[in-house]
file entry_20.txt (compact mmCIF, C-alpha atoms)
# COMPACT_ATOMS: atom_id res chain seq x y z
CA MET A 1 -252.40 -29.68 -41.18
CA PHE A 2 -255.64 -29.32 -39.27
CA LEU A 3 -255.18 -29.33 -35.52
CA LYS A 4 -257.58 -30.03 -32.71
CA VAL A 5 -256.66 -27.66 -29.93
CA LYS A 6 -257.83 -26.98 -26.41
CA LEU A 7 -257.47 -23.35 -25.45
CA PRO A 8 -258.03 -21.14 -22.45
CA TRP A 9 -259.66 -17.82 -23.23
CA ASN A 10 -260.78 -14.83 -21.23
CA VAL A 11 -264.29 -13.72 -22.08
CA VAL A 12 -265.21 -10.22 -20.95
CA ILE A 13 -268.89 -9.48 -20.47
CA PRO A 14 -269.99 -5.85 -20.10
CA ALA A 15 -272.07 -5.14 -17.01
CA GLU A 16 -275.27 -4.51 -18.99
CA LYS A 17 -275.12 -7.99 -20.49
CA LEU A 18 -275.11 -9.61 -17.08
CA ASP A 19 -278.35 -11.23 -16.13
CA ALA A 20 -279.56 -12.97 -13.02
CA ASN A 21 -280.85 -15.76 -15.20
CA GLY A 22 -278.06 -18.30 -15.52
CA LEU A 23 -278.99 -19.37 -19.02
CA MET A 24 -278.86 -15.82 -20.35
CA LEU A 25 -275.43 -15.34 -18.84
CA HIS A 26 -274.29 -18.58 -20.38
CA LYS A 27 -275.58 -17.33 -23.72
CA SER A 28 -273.73 -14.04 -23.38
CA ILE A 29 -270.51 -15.86 -22.63
CA VAL A 30 -270.91 -18.23 -25.56
CA LEU A 31 -271.75 -15.46 -28.01
CA ARG A 32 -268.89 -13.31 -26.81
CA LEU A 33 -266.47 -16.23 -27.15
CA LEU A 34 -267.65 -16.99 -30.69
CA ASP A 35 -267.40 -13.33 -31.61
CA ASP A 36 -263.85 -13.04 -30.26
CA PHE A 37 -262.89 -16.32 -31.88
CA ALA A 38 -264.22 -15.31 -35.30
CA CYS A 39 -262.40 -11.98 -35.17
CA LYS A 40 -259.13 -13.53 -34.08
CA LYS A 41 -258.58 -15.11 -37.52
CA ALA A 42 -255.17 -16.62 -36.79
CA THR A 43 -252.19 -16.75 -34.45
CA LYS A 44 -248.57 -17.48 -35.16
CA ASP A 45 -248.47 -20.57 -32.96
CA LEU A 46 -251.72 -22.32 -33.84
CA GLY A 47 -252.52 -21.00 -37.30
CA TYR A 48 -255.97 -20.11 -38.59
CA TYR A 49 -258.94 -20.39 -36.27
CA LEU A 50 -261.66 -22.38 -38.02
CA ALA A 51 -264.33 -23.35 -35.56
CA VAL A 52 -265.16 -23.77 -31.92
CA THR A 53 -266.33 -27.30 -31.31
CA THR A 54 -266.75 -27.70 -27.58
CA LEU A 55 -267.06 -25.44 -24.60
CA VAL A 56 -265.17 -27.37 -21.96
CA SER A 57 -265.64 -25.18 -18.91
CA ILE A 58 -266.58 -21.72 -17.68
CA GLY A 59 -264.69 -20.54 -14.63
CA GLU A 60 -265.62 -18.11 -11.85
CA GLY A 61 -266.24 -14.57 -13.07
CA LYS A 62 -263.91 -11.82 -11.84
CA ILE A 63 -265.09 -8.24 -11.72
CA ARG A 64 -262.84 -5.61 -13.23
CA SER A 65 -262.94 -2.77 -10.76
CA ASN A 66 -262.38 0.09 -13.19
CA THR A 67 -265.02 -0.80 -15.78
CA GLY A 68 -267.46 -3.08 -14.04
CA GLU A 69 -267.04 -5.71 -16.73
CA VAL A 70 -266.83 -9.30 -15.67
CA LEU A 71 -264.08 -11.55 -16.93
CA PHE A 72 -264.80 -15.26 -17.28
CA PRO A 73 -261.94 -17.67 -17.86
CA VAL A 74 -263.24 -20.36 -20.22
CA VAL A 75 -261.69 -23.41 -21.82
CA PHE A 76 -262.84 -24.63 -25.21
CA SER A 77 -261.81 -27.00 -27.98
CA GLY A 78 -261.55 -25.89 -31.54
CA ILE A 79 -260.06 -26.63 -34.93
CA THR A 80 -257.17 -24.68 -36.42
CA PHE A 81 -255.12 -24.97 -39.59
CA LYS A 82 -251.38 -24.47 -39.65
CA ILE A 83 -248.85 -24.93 -42.43
CA TYR A 84 -245.43 -26.46 -41.64
CA ARG A 85 -242.11 -26.37 -43.42
CA GLY A 86 -241.43 -29.82 -44.88
CA GLU A 87 -245.11 -30.71 -44.98
CA ILE A 88 -246.58 -32.18 -48.17
CA LEU A 89 -249.99 -30.77 -49.02
CA GLU A 90 -252.43 -30.41 -51.86
CA GLY A 91 -253.70 -27.05 -53.02
CA ILE A 92 -255.62 -25.43 -55.87
CA VAL A 93 -254.04 -23.10 -58.43
CA HIS A 94 -255.80 -19.75 -58.51
CA LYS A 95 -253.43 -17.57 -60.51
CA VAL A 96 -250.90 -18.40 -63.22
CA LEU A 97 -248.13 -15.86 -63.80
CA LYS A 98 -245.05 -15.96 -65.98
CA HIS A 99 -242.71 -16.58 -63.07
CA GLY A 100 -244.83 -19.00 -61.12
CA VAL A 101 -248.28 -19.80 -59.79
CA PHE A 102 -250.30 -18.92 -56.70
CA LEU A 103 -252.17 -21.65 -54.89
CA LYS A 104 -254.69 -21.75 -52.11
CA CYS A 105 -254.85 -24.39 -49.45
CA GLY A 106 -257.59 -24.25 -46.85
CA PRO A 107 -257.73 -20.72 -45.42
CA ILE A 108 -254.31 -19.79 -46.85
CA GLU A 109 -254.41 -18.05 -50.22
CA SER A 110 -250.90 -16.77 -50.75
CA ILE A 111 -248.94 -19.90 -51.47
CA TYR A 112 -246.33 -19.28 -54.13
CA LEU A 113 -244.80 -21.88 -56.40
CA SER A 114 -241.98 -20.25 -58.33
CA SER A 115 -241.06 -21.50 -61.80
CA ALA A 116 -237.56 -22.01 -60.36
CA LYS A 117 -239.03 -24.68 -58.09
CA MET A 118 -240.65 -26.60 -60.94
CA PRO A 119 -237.72 -26.72 -63.40
CA ASP A 120 -239.25 -29.30 -65.75
CA TYR A 121 -242.34 -27.15 -66.34
CA LYS A 122 -242.39 -24.50 -69.09
CA TYR A 123 -244.63 -21.47 -69.16
CA VAL A 124 -247.02 -21.39 -72.13
CA GLN A 125 -248.59 -18.03 -72.87
CA GLY A 126 -252.18 -17.65 -73.96
CA GLU A 127 -255.63 -16.60 -72.87
CA ASN A 128 -255.36 -19.21 -70.14
CA PRO A 129 -251.64 -19.42 -69.45
CA VAL A 130 -250.37 -22.81 -68.26
CA PHE A 131 -247.22 -24.57 -67.15
CA LEU A 132 -246.49 -27.77 -69.10
CA ASN A 133 -243.85 -30.48 -68.79
CA ASP A 134 -242.57 -33.13 -71.23
CA LYS A 135 -244.98 -35.72 -69.85
CA HIS A 136 -247.96 -33.46 -70.61
CA SER A 137 -248.65 -32.69 -66.99
CA LYS A 138 -250.47 -29.39 -66.96
CA ILE A 139 -250.62 -26.77 -64.22
CA GLU A 140 -253.42 -24.32 -64.88
CA LYS A 141 -256.12 -22.48 -62.99
CA ASN A 142 -258.27 -24.71 -60.73
CA VAL A 143 -255.95 -27.70 -61.00
CA SER A 144 -255.02 -29.53 -57.77
CA VAL A 145 -251.30 -29.70 -57.15
CA ARG A 146 -249.37 -31.70 -54.57
CA PHE A 147 -246.37 -29.75 -53.26
CA ILE A 148 -243.83 -29.56 -50.45
CA VAL A 149 -243.65 -26.49 -48.20
CA ILE A 150 -240.16 -24.97 -48.20
CA GLY A 151 -240.83 -21.84 -46.20
CA THR A 152 -243.55 -20.15 -44.19
CA LYS A 153 -243.96 -16.60 -43.02
CA TRP A 154 -246.31 -15.08 -40.45
CA LEU A 155 -247.55 -11.57 -41.19
CA GLU A 156 -248.47 -10.02 -37.87
CA ALA A 157 -250.31 -6.98 -39.27
CA GLU A 158 -252.57 -8.99 -41.58
CA ARG A 159 -252.73 -11.98 -39.23
CA GLU A 160 -251.95 -14.23 -42.17
CA PHE A 161 -249.51 -16.87 -43.26
CA GLN A 162 -247.68 -16.99 -46.56
CA ALA A 163 -245.81 -19.99 -47.88
CA LEU A 164 -243.25 -20.85 -50.51
CA VAL A 165 -243.63 -24.31 -52.01
CA SER A 166 -241.78 -26.55 -54.43
CA LEU A 167 -242.38 -29.46 -56.81
CA GLU A 168 -238.81 -30.73 -56.46
CA GLY A 169 -239.30 -34.20 -55.06
CA ASP A 170 -240.87 -37.52 -55.92
CA TYR A 171 -244.61 -37.80 -56.38
CA LEU A 172 -245.19 -34.05 -56.46
CA GLY A 173 -247.13 -32.21 -59.15
CA PRO A 174 -250.67 -31.95 -60.51
CA VAL A 175 -253.12 -34.55 -59.17
CA SER A 176 -256.31 -35.66 -60.85
CA MET B 1 -238.29 -17.63 -44.10
CA SER B 2 -239.52 -19.61 -41.16
CA GLY B 3 -238.85 -18.20 -37.72
CA GLU B 4 -237.65 -21.47 -36.28
CA GLU B 5 -234.92 -22.86 -38.45
CA GLU B 6 -235.45 -26.21 -36.83
CA GLU B 7 -238.95 -26.85 -38.10
CA ASN B 8 -239.13 -29.60 -40.66
CA ALA B 9 -242.22 -31.74 -40.94
CA ALA B 10 -240.35 -34.28 -43.08
CA GLU B 11 -238.22 -35.11 -40.05
CA LEU B 12 -241.16 -34.73 -37.73
CA LYS B 13 -239.70 -31.60 -36.16
CA ILE B 14 -242.90 -29.69 -35.88
CA GLY B 15 -242.90 -27.63 -32.77
CA GLU B 16 -244.17 -27.62 -29.28
CA GLU B 17 -247.81 -26.96 -30.03
CA PHE B 18 -248.07 -30.58 -31.07
CA LEU B 19 -247.68 -31.59 -27.47
CA LYS B 20 -250.98 -29.88 -26.81
CA ALA B 21 -252.70 -30.42 -30.14
CA LYS B 22 -253.97 -33.40 -32.01
CA CYS B 23 -254.03 -33.56 -35.81
CA LEU B 24 -257.16 -34.12 -37.87
CA MET B 25 -257.43 -35.56 -41.36
CA ASN B 26 -259.19 -33.57 -44.09
CA CYS B 27 -262.05 -36.07 -44.13
CA GLU B 28 -262.59 -35.66 -40.38
CA VAL B 29 -262.57 -31.88 -40.62
CA SER B 30 -265.01 -32.12 -43.51
CA LEU B 31 -267.50 -34.11 -41.42
CA ILE B 32 -267.27 -31.65 -38.54
CA LEU B 33 -267.52 -28.48 -40.61
CA GLU B 34 -270.33 -29.80 -42.81
CA HIS B 35 -272.26 -30.80 -39.74
CA LYS B 36 -271.83 -27.31 -38.30
CA PHE B 37 -272.80 -25.76 -41.60
CA GLU B 38 -276.03 -27.78 -41.67
CA GLN B 39 -276.81 -26.82 -38.09
CA LEU B 40 -276.39 -23.23 -39.14
CA GLN B 41 -278.76 -23.58 -42.07
CA GLN B 42 -281.45 -25.13 -39.90
CA THR B 43 -281.37 -22.77 -36.97
CA SER B 44 -281.04 -19.14 -37.76
CA ASP B 45 -283.51 -17.59 -35.31
CA ASP B 46 -281.92 -18.35 -32.01
CA PRO B 47 -278.22 -19.00 -31.90
CA MET B 48 -278.63 -20.89 -28.66
CA ASN B 49 -280.39 -23.60 -30.64
CA GLN B 50 -276.98 -24.44 -31.96
CA VAL B 51 -275.47 -24.57 -28.53
CA SER B 52 -276.54 -28.01 -27.61
CA GLN B 53 -274.83 -29.78 -24.78
CA GLU B 54 -275.69 -33.15 -26.22
CA ASP B 55 -273.42 -35.54 -27.92
CA GLY B 56 -273.39 -34.46 -31.50
CA GLY B 57 -272.42 -37.93 -32.65
CA TRP B 58 -268.76 -37.14 -33.09
CA GLY B 59 -267.62 -38.60 -29.81
CA TRP B 60 -265.30 -40.91 -31.65
CA LEU B 61 -263.34 -37.92 -32.81
CA GLY B 62 -262.98 -36.83 -29.24
CA LEU B 63 -265.24 -33.91 -30.04
CA PRO B 64 -268.32 -34.85 -28.06
CA LEU B 65 -270.17 -31.58 -28.35
CA VAL B 66 -270.62 -30.03 -31.72
CA LEU B 67 -271.87 -26.86 -30.26
CA PHE B 68 -272.24 -23.74 -32.20
CA GLU B 69 -271.38 -21.77 -35.24
CA PHE B 70 -269.90 -18.35 -35.28
CA HIS B 71 -269.98 -16.82 -38.65
CA THR B 72 -273.44 -15.83 -39.81
CA TRP B 73 -275.76 -15.12 -36.98
CA PRO B 74 -278.45 -12.51 -37.47
CA ILE B 75 -277.69 -10.73 -34.22
CA PRO B 76 -277.20 -6.97 -34.46
CA TRP B 77 -274.34 -6.59 -32.01
CA PHE B 78 -272.78 -9.66 -33.50
CA SER B 79 -273.04 -8.37 -37.03
CA VAL B 80 -269.54 -9.40 -38.02
CA ASP B 81 -270.85 -11.46 -40.88
CA ASN B 82 -268.07 -13.97 -41.27
CA PRO B 83 -265.34 -11.38 -40.96
CA THR B 84 -262.48 -13.54 -42.19
CA GLY B 85 -263.91 -16.22 -44.47
CA VAL B 86 -261.70 -18.78 -42.80
CA PHE B 87 -264.61 -21.16 -42.21
CA GLU B 88 -265.91 -21.11 -45.82
CA LYS B 89 -262.52 -21.45 -47.42
CA SER B 90 -261.65 -24.36 -45.19
CA LEU B 91 -264.98 -26.08 -45.77
CA GLN B 92 -264.56 -25.83 -49.54
CA TYR B 93 -261.04 -27.14 -49.27
CA VAL B 94 -261.77 -30.19 -47.15
CA LYS B 95 -264.78 -31.08 -49.29
CA ARG B 96 -262.52 -31.18 -52.34
CA PHE B 97 -259.62 -32.98 -50.65
CA SER B 98 -261.39 -35.64 -48.59
CA ARG B 99 -260.63 -39.12 -49.90
CA TYR B 100 -263.30 -40.65 -47.70
CA LYS B 101 -266.81 -39.24 -47.41
CA ASN B 102 -268.70 -41.85 -45.45
CA PRO B 103 -268.43 -41.34 -41.65
CA ASP B 104 -267.87 -45.06 -41.06
CA ALA B 105 -265.04 -45.12 -43.57
CA VAL B 106 -263.47 -42.05 -41.98
CA ARG B 107 -263.53 -43.73 -38.60
CA GLN B 108 -262.04 -46.93 -40.00
CA VAL B 109 -259.19 -45.04 -41.64
CA ARG B 110 -258.14 -43.64 -38.29
CA GLU B 111 -258.56 -47.01 -36.61
CA ILE B 112 -256.41 -48.80 -39.15
CA LEU B 113 -253.67 -46.19 -39.24
CA SER B 114 -253.61 -46.14 -35.43
CA ARG B 115 -252.37 -49.72 -35.43
CA TYR B 116 -249.06 -48.76 -37.01
CA GLN B 117 -247.34 -46.70 -34.27
CA LEU B 118 -247.48 -43.53 -36.33
CA ALA B 119 -247.20 -40.02 -34.98
CA GLU B 120 -250.43 -38.02 -35.26
CA PHE B 121 -248.92 -35.90 -37.97
CA GLU B 122 -247.80 -38.92 -40.04
CA LEU B 123 -251.15 -40.60 -39.64
CA CYS B 124 -252.99 -37.58 -41.03
CA VAL B 125 -250.61 -37.04 -43.94
CA LEU B 126 -251.14 -40.66 -45.00
CA GLY B 127 -254.91 -40.38 -44.57
CA ASN B 128 -254.97 -37.15 -46.59
CA LEU B 129 -252.73 -38.13 -49.48
CA CYS B 130 -253.57 -41.85 -49.72
CA PRO B 131 -250.31 -43.02 -51.32
CA GLU B 132 -250.69 -46.07 -53.56
CA THR B 133 -247.23 -47.58 -53.30
CA VAL B 134 -244.68 -48.07 -50.54
CA GLU B 135 -242.27 -45.81 -52.39
CA GLU B 136 -244.87 -43.06 -52.59
CA ALA B 137 -245.77 -43.46 -48.90
CA ILE B 138 -242.12 -43.01 -47.91
CA ALA B 139 -241.81 -39.97 -50.19
CA MET B 140 -244.86 -38.41 -48.52
CA VAL B 141 -243.81 -39.27 -44.95
CA PRO B 142 -240.00 -39.70 -44.94
CA SER B 143 -239.96 -39.92 -41.15
CA ILE B 144 -241.56 -43.39 -41.16
CA LYS B 145 -238.31 -44.83 -42.46
CA THR B 146 -235.98 -43.09 -40.04
CA LYS B 147 -233.66 -45.15 -37.94
CA GLY B 148 -235.01 -47.08 -35.02
CA ARG B 149 -238.58 -47.29 -36.23
CA ALA B 150 -240.19 -50.58 -36.96
CA HIS B 151 -241.68 -49.87 -40.36
CA ASP B 152 -240.34 -52.27 -42.94
CA ASP B 153 -241.70 -52.21 -46.46
CA GLU B 154 -244.01 -55.13 -45.76
CA ALA B 155 -245.71 -53.38 -42.87
CA ILE B 156 -246.20 -50.26 -44.97
CA GLU B 157 -247.54 -52.34 -47.84
CA LYS B 158 -250.07 -53.98 -45.55
CA MET B 159 -251.17 -50.62 -44.23
CA LEU B 160 -251.73 -49.28 -47.75
CA ASN B 161 -253.68 -52.39 -48.68
CA ASP B 162 -255.92 -51.98 -45.66
CA LEU B 163 -256.57 -48.39 -46.63
CA SER B 164 -257.37 -49.20 -50.24
CA LEU B 165 -259.88 -51.81 -49.04
CA ILE B 166 -261.79 -49.16 -47.12
CA LYS B 167 -261.93 -47.03 -50.23
CA LYS B 168 -263.15 -49.96 -52.29
CA PHE B 169 -266.00 -50.80 -49.94
CA GLU B 170 -267.05 -47.26 -49.12
call {"tool": "encode", "arguments": {"input": "entry_20.txt", "output": "structure tokens"}}
result
Amino acid sequence: MFLKVKLPWNVVIPAEKLDANGLMLHKSIVLRLLDDFACKKATKDLGYYLAVTTLVSIGEGKIRSNTGEVLFPVVFSGITFKIYRGEILEGIVHKVLKHGVFLKCGPIESIYLSSAKMPDYKYVQGENPVFLNDKHSKIEKNVSVRFIVIGTKWLEAEREFQALVSLEGDYLGPVS
Amino acid sequence: MSGEEEENAAELKIGEEFLKAKCLMNCEVSLILEHKFEQLQQTSDDPMNQVSQEDGGWGWLGLPLVLFEFHTWPIPWFSVDNPTGVFEKSLQYVKRFSRYKNPDAVRQVREILSRYQLAEFELCVLGNLCPETVEEAIAMVPSIKTKGRAHDDEAIEKMLNDLSLIKKFE
């Protein structure tokens, strides 16, 4: 699910970037915020950081005595993407393996659908391997699939989420 | 796998961050990200060109200022050229999975769904997946049928009809 969030953030401006001209300072703060935001990638609580949409406010700068940098508390709005257990989503198949398929969904690329979680589908080997069921539904590369999330995992080192998903449920499976 | 055993979107148990955050439908995110992407294409010389304080036209989303883009600015000290790819991947995704493209239609979808006392999360799941039948709608959002809520099948049917009309006239 995409979320609209409002976040406080501390922007640190090095002394040499400070400028008497208010507009230039504003620019430094904005650029620094965007830079920090882009590098952040994701957090456990809010998910992937997509875009800053609004700068709500810039607070009073505080000088850091040891370095001479100035810290500005800012508040901004942005968009994030987080995946929830129990959520029903659509994703795109990007890898078909014997024991299951990998899907991507928004910024998340390691979403695993195990063959155990799609019992009516059978693996069919070939140059382009596919999963087929009796009703000729086909799961192959680049197909959109509607699934339910049964587990999520946050990887702190990579700053990434992984998810396990299932097709066990009504109205789940490939969508045209 | 999940840290909080409690979390289950099907029962609308989705954590505290929802108290602070609002959900967006794929089609809404698509409008915002595409707009930002266009801004980026047009103004590459001075990043401050993208930092406009004016209403970007998305006030109805509660996002009055579509300000700036972060991922491909030709500034030396800012030469992290889209370090994570999160923006591109998300843009591609929402373009593919938006049921409504026209901004007016997108706005109407939210308006219509807002009339049905849905939680933000439920509203967006319905707007994203566009179920065609009452049975499908309940399968996608089981929490709408939980005890004590006023959604009978007729109300859900009417809601789905309203949505399909928007699609028809888009």
call {"tool": "residues_around", "arguments": {"input": "entry_20.txt", "residues": "segment 101-118 of chain A", "least_positions_apart": "5", "cutoff": "7 Å", "atoms": "only C-alpha atoms", "output": "ChimeraX atom specification"}}
result
/A:90-96,161-168 /B:86,89-90,93
call {"tool": "interface_residues", "arguments": {"input": "entry_20.txt", "of": "chain A", "to": "chain B", "cutoff": "6 Å", "atoms": "all atoms listed in the file", "output": "ChimeraX atom specification"}}
result
/A:2-5,34,50,53-54,85-87,106-107,151-153
call {"tool": "atom_distance", "arguments": {"input": "entry_20.txt", "atom1": "atom CA of Leu126 of chain B", "atom2": "atom CA of Leu163 of chain B"}}
result
9.6 Å
call {"tool": "atom_distance", "arguments": {"input": "entry_20.txt", "atom1": "atom CA of Val109 of chain B", "atom2": "atom CA of Asp162 of chain B"}}
result
8.7 Å
call {"tool": "closest_residue", "arguments": {"input": "entry_20.txt", "among": "B:Pro103, B:Cys130, B:Arg149, B:Tyr116", "to": "His35 of chain B", "atoms": "only C-alpha atoms"}}
result
B:Pro103
